[in-house]
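Let me begin by presenting the structure, written as structure tokens, before commenting on it.
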Amino acid sequence: MSSPVLQVSGVHVTFFDLLRSTSILRGIDLEVAAGEVLGLVGESGCGKSMTANACLGMVTPPGRVIGSIKVDGQEVVGRSEAELRAMRGGRVAMIFQNPSRSMNPFFTLGRQMTEIIRCHRSVSWSDARSVAMSELKAVRMPDPDLALEKYPHQLSGGQIQRALIALALACRPRLLIADEPTTALDVTVQAQIVSLLRRLADEKGLAVLFITHDLGIVSQVCDRVAVMYAGRIVETGSVEAVIDHPRHPYTVKLLGTVPAVGRGARDLVSIPGNVPNPAYVPTGCAFRDRCDRATGICAGAHLPALTLGQDHMVLCHHAVHDPQFTEAR
């Protein structure tokens, strides 16, 4: 069996200042295989975007990364900036949640795409433009000839997002990181972008790390899901296992905040409190102050990683043992 395209092992990201250290990521383990879409979900402030930045080698001082991050077999942690620049775009690419801010407003789409393609591939201007055209067609951009001549403000949000995906693919990466790529788009365009990413993973064997807070989108596009809370992965498994049979109390409550079709009338719930400040994360389980199932043991330093089936893991002393448990759903 081939190695995963993305391997994240024991990664900690800590920021240091004169008074204290702040841990944003606290022992992250992730793997994404070729052709697979892994959804990384959680509330704002859980560390999802920092995980993406770490995978790209974009954690700047005073931040420090400890652990191992391998993209297509190459280590990211400890690489020089020159080596990381060569890796970004060529082996790993990223699309962001606000597409309109990801392009230079003073240059046409065609100029920006051709220049970036030539940075990563040894091709002429005309060949780079042909590559740009081909990739725009692959992402089903309407009127790609006309789109190349337009400035970013002349394109819709959905068109810019398609262009950014096309640009990422033009550099032939093995891994695509999508950081909440549908947040700024309307519902119809969201569905189109999600469908596009799923198709690209299937047809091109692209590994996709899909970062989102929307569990509804996860169930549509992802093969597996990892639930993050306060810098840790608290539950991971197949979409069917985690969405249909959540075992961590946080996952249960998170699913309870989302409307579900076909489950009858029910009240949506809210999760009391907030994600803890990374500088003051409580010992033991960081979710214990918001959890209905917490007991004294949850304050202990050791958290058991329970394997509950093939590729289904939960980090909890009080995992929901009944798969049909509906306390917060």
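Chain labels A, B, ... are given in the sequence in which chains occur in the structure tokens; within each chain residues are numbered consecutively from 1, and ligands are likewise numbered from 1 in the order shown.
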
Practice prompt. Once DSSP has gone over the backbone, tell me which residues of segment 119-241 of chain A are in alpha helix (DSSP H), as a PyMOL selection string.
Written response: chain A and resi 119-120+125-138+144-148+157-170+187-204+215-221+239

Discussion item. I want to know what sits within 12 Å of Ile271 of chain A, based on only C-alpha atoms, with residues of the same chain fewer than 6 positions away left out; could you give that as a PyMOL selection string?
Written reply: chain A and resi 43+249-258+287+289-292+328-329

Per residue of segment 121-159 of chain A within 9 Å of segment 90-99 of chain A, record the nearest atom pair and its distance in Å to one decimal, counting only C-alpha atoms, with rows in chain order and ascending residue number, as CSV.
```
residue,atom,partner,partner_atom,distance
A:Arg121,CA,A:Gly90,CA,8.4
A:Gly157,CA,A:Pro99,CA,6.5
A:Gly158,CA,A:Pro99,CA,8.3
```

Practice prompt. Could you pull out the residues in segment 89-225 of chain A that DSSP calls strand (DSSP E) from the backbone, as a list in words?
Written response: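 Selecting the strand (DSSP E) positions of segment 89-225 of chain A gives Val92, Ala93, Met94, Ile95, Leu175, Leu176, Ile177, Ala178, Asp179, Ala207, Val208, Leu209, Phe210, Ile211, Thr212, Arg224 and Val225 of chain A.
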
Could those selected residues go to a file with N, CA and C atoms, as an mmCIF file, in the first residue's frame?
```
data_model
loop_
_atom_site.group_PDB
_atom_site.id
_atom_site.type_symbol
_atom_site.label_atom_id
_atom_site.label_comp_id
_atom_site.auth_asym_id
_atom_site.auth_seq_id
_atom_site.Cartn_x
_atom_site.Cartn_y
_atom_site.Cartn_z
ATOM 1 N N VAL A 92 2.093 20.937 -2.774
ATOM 2 C CA VAL A 92 0.896 21.239 -1.991
ATOM 3 C C VAL A 92 0.415 22.631 -2.360
ATOM 4 N N ALA A 93 -0.881 22.773 -2.539
ATOM 5 C CA ALA A 93 -1.491 24.058 -2.869
ATOM 6 C C ALA A 93 -2.650 24.304 -1.926
ATOM 7 N N MET A 94 -3.043 25.569 -1.822
ATOM 8 C CA MET A 94 -4.096 25.921 -0.882
ATOM 9 C C MET A 94 -5.063 26.899 -1.520
ATOM 10 N N ILE A 95 -6.340 26.742 -1.220
ATOM 11 C CA ILE A 95 -7.351 27.724 -1.600
ATOM 12 C C ILE A 95 -8.007 28.218 -0.311
ATOM 13 N N LEU A 175 -1.305 17.425 -3.077
ATOM 14 C CA LEU A 175 -2.197 17.722 -1.955
ATOM 15 C C LEU A 175 -2.813 19.099 -2.148
ATOM 16 N N LEU A 176 -4.123 19.187 -1.965
ATOM 17 C CA LEU A 176 -4.836 20.464 -2.001
ATOM 18 C C LEU A 176 -5.462 20.699 -0.635
ATOM 19 N N ILE A 177 -5.134 21.839 -0.031
ATOM 20 C CA ILE A 177 -5.733 22.225 1.243
ATOM 21 C C ILE A 177 -6.780 23.287 0.962
ATOM 22 N N ALA A 178 -8.011 23.010 1.323
ATOM 23 C CA ALA A 178 -9.125 23.939 1.101
ATOM 24 C C ALA A 178 -9.590 24.448 2.459
ATOM 25 N N ASP A 179 -9.256 25.708 2.757
ATOM 26 C CA ASP A 179 -9.574 26.294 4.057
ATOM 27 C C ASP A 179 -10.898 27.050 3.977
ATOM 28 N N ALA A 207 -5.209 14.370 -3.222
ATOM 29 C CA ALA A 207 -5.507 14.306 -1.793
ATOM 30 C C ALA A 207 -6.001 15.676 -1.357
ATOM 31 N N VAL A 208 -7.128 15.732 -0.648
ATOM 32 C CA VAL A 208 -7.734 17.006 -0.259
ATOM 33 C C VAL A 208 -7.945 17.038 1.245
ATOM 34 N N LEU A 209 -7.395 18.083 1.879
ATOM 35 C CA LEU A 209 -7.701 18.373 3.282
ATOM 36 C C LEU A 209 -8.720 19.496 3.271
ATOM 37 N N PHE A 210 -9.971 19.180 3.621
ATOM 38 C CA PHE A 210 -11.089 20.107 3.501
ATOM 39 C C PHE A 210 -11.430 20.634 4.892
ATOM 40 N N ILE A 211 -11.097 21.894 5.138
ATOM 41 C CA ILE A 211 -11.307 22.511 6.449
ATOM 42 C C ILE A 211 -12.633 23.260 6.439
ATOM 43 N N THR A 212 -13.479 22.970 7.408
ATOM 44 C CA THR A 212 -14.802 23.596 7.422
ATOM 45 C C THR A 212 -15.397 23.528 8.830
ATOM 46 N N ARG A 224 -13.501 10.751 4.986
ATOM 47 C CA ARG A 224 -13.278 10.642 6.419
ATOM 48 C C ARG A 224 -13.379 12.025 7.039
ATOM 49 N N VAL A 225 -13.523 12.052 8.363
ATOM 50 C CA VAL A 225 -13.652 13.326 9.062
ATOM 51 C C VAL A 225 -12.847 13.265 10.355
#
```

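Proximity to Val131 of chain A was assessed for A:Cys119, A:Cys171, A:Leu155, A:Ile193 counting only C-alpha atoms; the smallest distance is recorded for A:Cys171.
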
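Among the candidate residues A:Gly73, A:Pro272, A:Pro173, A:Gly39, the one lying nearest to Gly205 of chain A is A:Pro173, with distances computed using only C-alpha atoms.
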
May I have the residues within 10 Å of Ala54 of chain A as a PDB file with C-alpha atoms, in the first residue's frame, using only C-alpha atoms and disregarding those fewer than 4 positions away in the same chain?
```pdb
ATOM      1  CA  VAL A   8       1.046  14.644  10.224  1.00  0.00           C
ATOM      2  CA  VAL A  11       2.608  18.013  15.725  1.00  0.00           C
ATOM      3  CA  HIS A  12       2.664  20.779  18.316  1.00  0.00           C
ATOM      4  CA  VAL A  13       2.593  24.466  17.403  1.00  0.00           C
ATOM      5  CA  LEU A  25      -1.835  22.645  18.272  1.00  0.00           C
ATOM      6  CA  SER A  49      -6.343  27.046   9.967  1.00  0.00           C
ATOM      7  CA  MET A  50      -3.156  26.723  12.021  1.00  0.00           C
ATOM      8  CA  MET A  58       3.839  28.987   7.132  1.00  0.00           C
ATOM      9  CA  VAL A  59       4.155  29.154  10.933  1.00  0.00           C
ATOM     10  CA  THR A  60       6.360  32.183  11.464  1.00  0.00           C
ATOM     11  CA  ARG A  64       7.603  26.883  16.709  1.00  0.00           C
ATOM     12  CA  VAL A  65       6.544  23.580  15.146  1.00  0.00           C
ATOM     13  CA  ILE A  69       4.708  16.815   8.603  1.00  0.00           C
ATOM     14  CA  VAL A  76       8.069  20.139   5.891  1.00  0.00           C
ATOM     15  CA  VAL A  77       9.243  20.833   9.447  1.00  0.00           C
TER      16      VAL A  77
END
```

Worksheet entry | Nearest to Gly63 of chain A, chosen from A:Met103, A:Ile243, A:Phe15, A:Arg26, with only C-alpha atoms counted in the distances | A:Phe15

Worksheet item: Which residues come within 12 Å of segment 142-154 of chain A, counting only C-alpha atoms, excluding same-chain residues fewer than 2 positions away, as JSON, numbers by chain?
Response: {"A": [99, 100, 101, 102, 103, 104, 105, 106, 107, 108, 109, 110, 111, 112, 113, 114, 129, 130, 131, 132, 133, 134, 135, 136, 137, 138, 139, 140, 156, 157, 158, 159, 160, 161, 162, 163, 164, 166, 167]}

Worksheet item: Which one of A:Glu36, A:Leu315, A:Val239, A:Ser124 sits closest to Asp202 of chain A if you count only C-alpha atoms?
Response: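 Selected residue with least distance to Asp202 of chain A: A:Glu36.
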
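When only C-alpha atoms are used to compute distances to Ser9 of chain A, the closest of the residues A:Pro181, A:Gly67, A:Pro62, A:Gly45 turns out to be A:Gly67.
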
Tell me which protein, DNA and RNA residues are within 8 Å of Ala279 of chain A, counting only C-alpha atoms, leaving out same-chain ones fewer than 3 positions away, and put them as a compact mmCIF listing (two decimals) with N, CA, C and O atoms, in the first residue's frame.
```txt
# COMPACT_ATOMS: atom_id res chain seq x y z
N ARG A 20 4.68 33.88 28.70
CA ARG A 20 4.17 32.51 28.70
C ARG A 20 4.28 31.94 27.30
O ARG A 20 4.55 32.65 26.32
N SER A 21 4.06 30.65 27.22
CA SER A 21 3.96 29.98 25.92
C SER A 21 2.50 29.63 25.67
O SER A 21 1.76 29.30 26.60
N THR A 22 2.09 29.71 24.41
CA THR A 22 0.71 29.43 24.03
C THR A 22 0.70 28.30 23.01
O THR A 22 1.26 28.44 21.92
N SER A 23 0.07 27.19 23.35
CA SER A 23 0.02 26.02 22.46
C SER A 23 -1.25 26.08 21.63
O SER A 23 -2.36 25.97 22.17
```

Response to the item:
Using only C-alpha atoms, the residue out of A:Val194, A:Ala241, A:Leu6, A:Ala230 with shortest distance to Gln310 of chain A is A:Ala241

Worksheet item: Which residues come within 12 Å of Asp29 of chain A, counting only C-alpha atoms, excluding same-chain residues fewer than 5 positions away, as a ChimeraX atom specification?
Response: /A:6-12,40,51,55,67-70,226-228,231-236,305,313
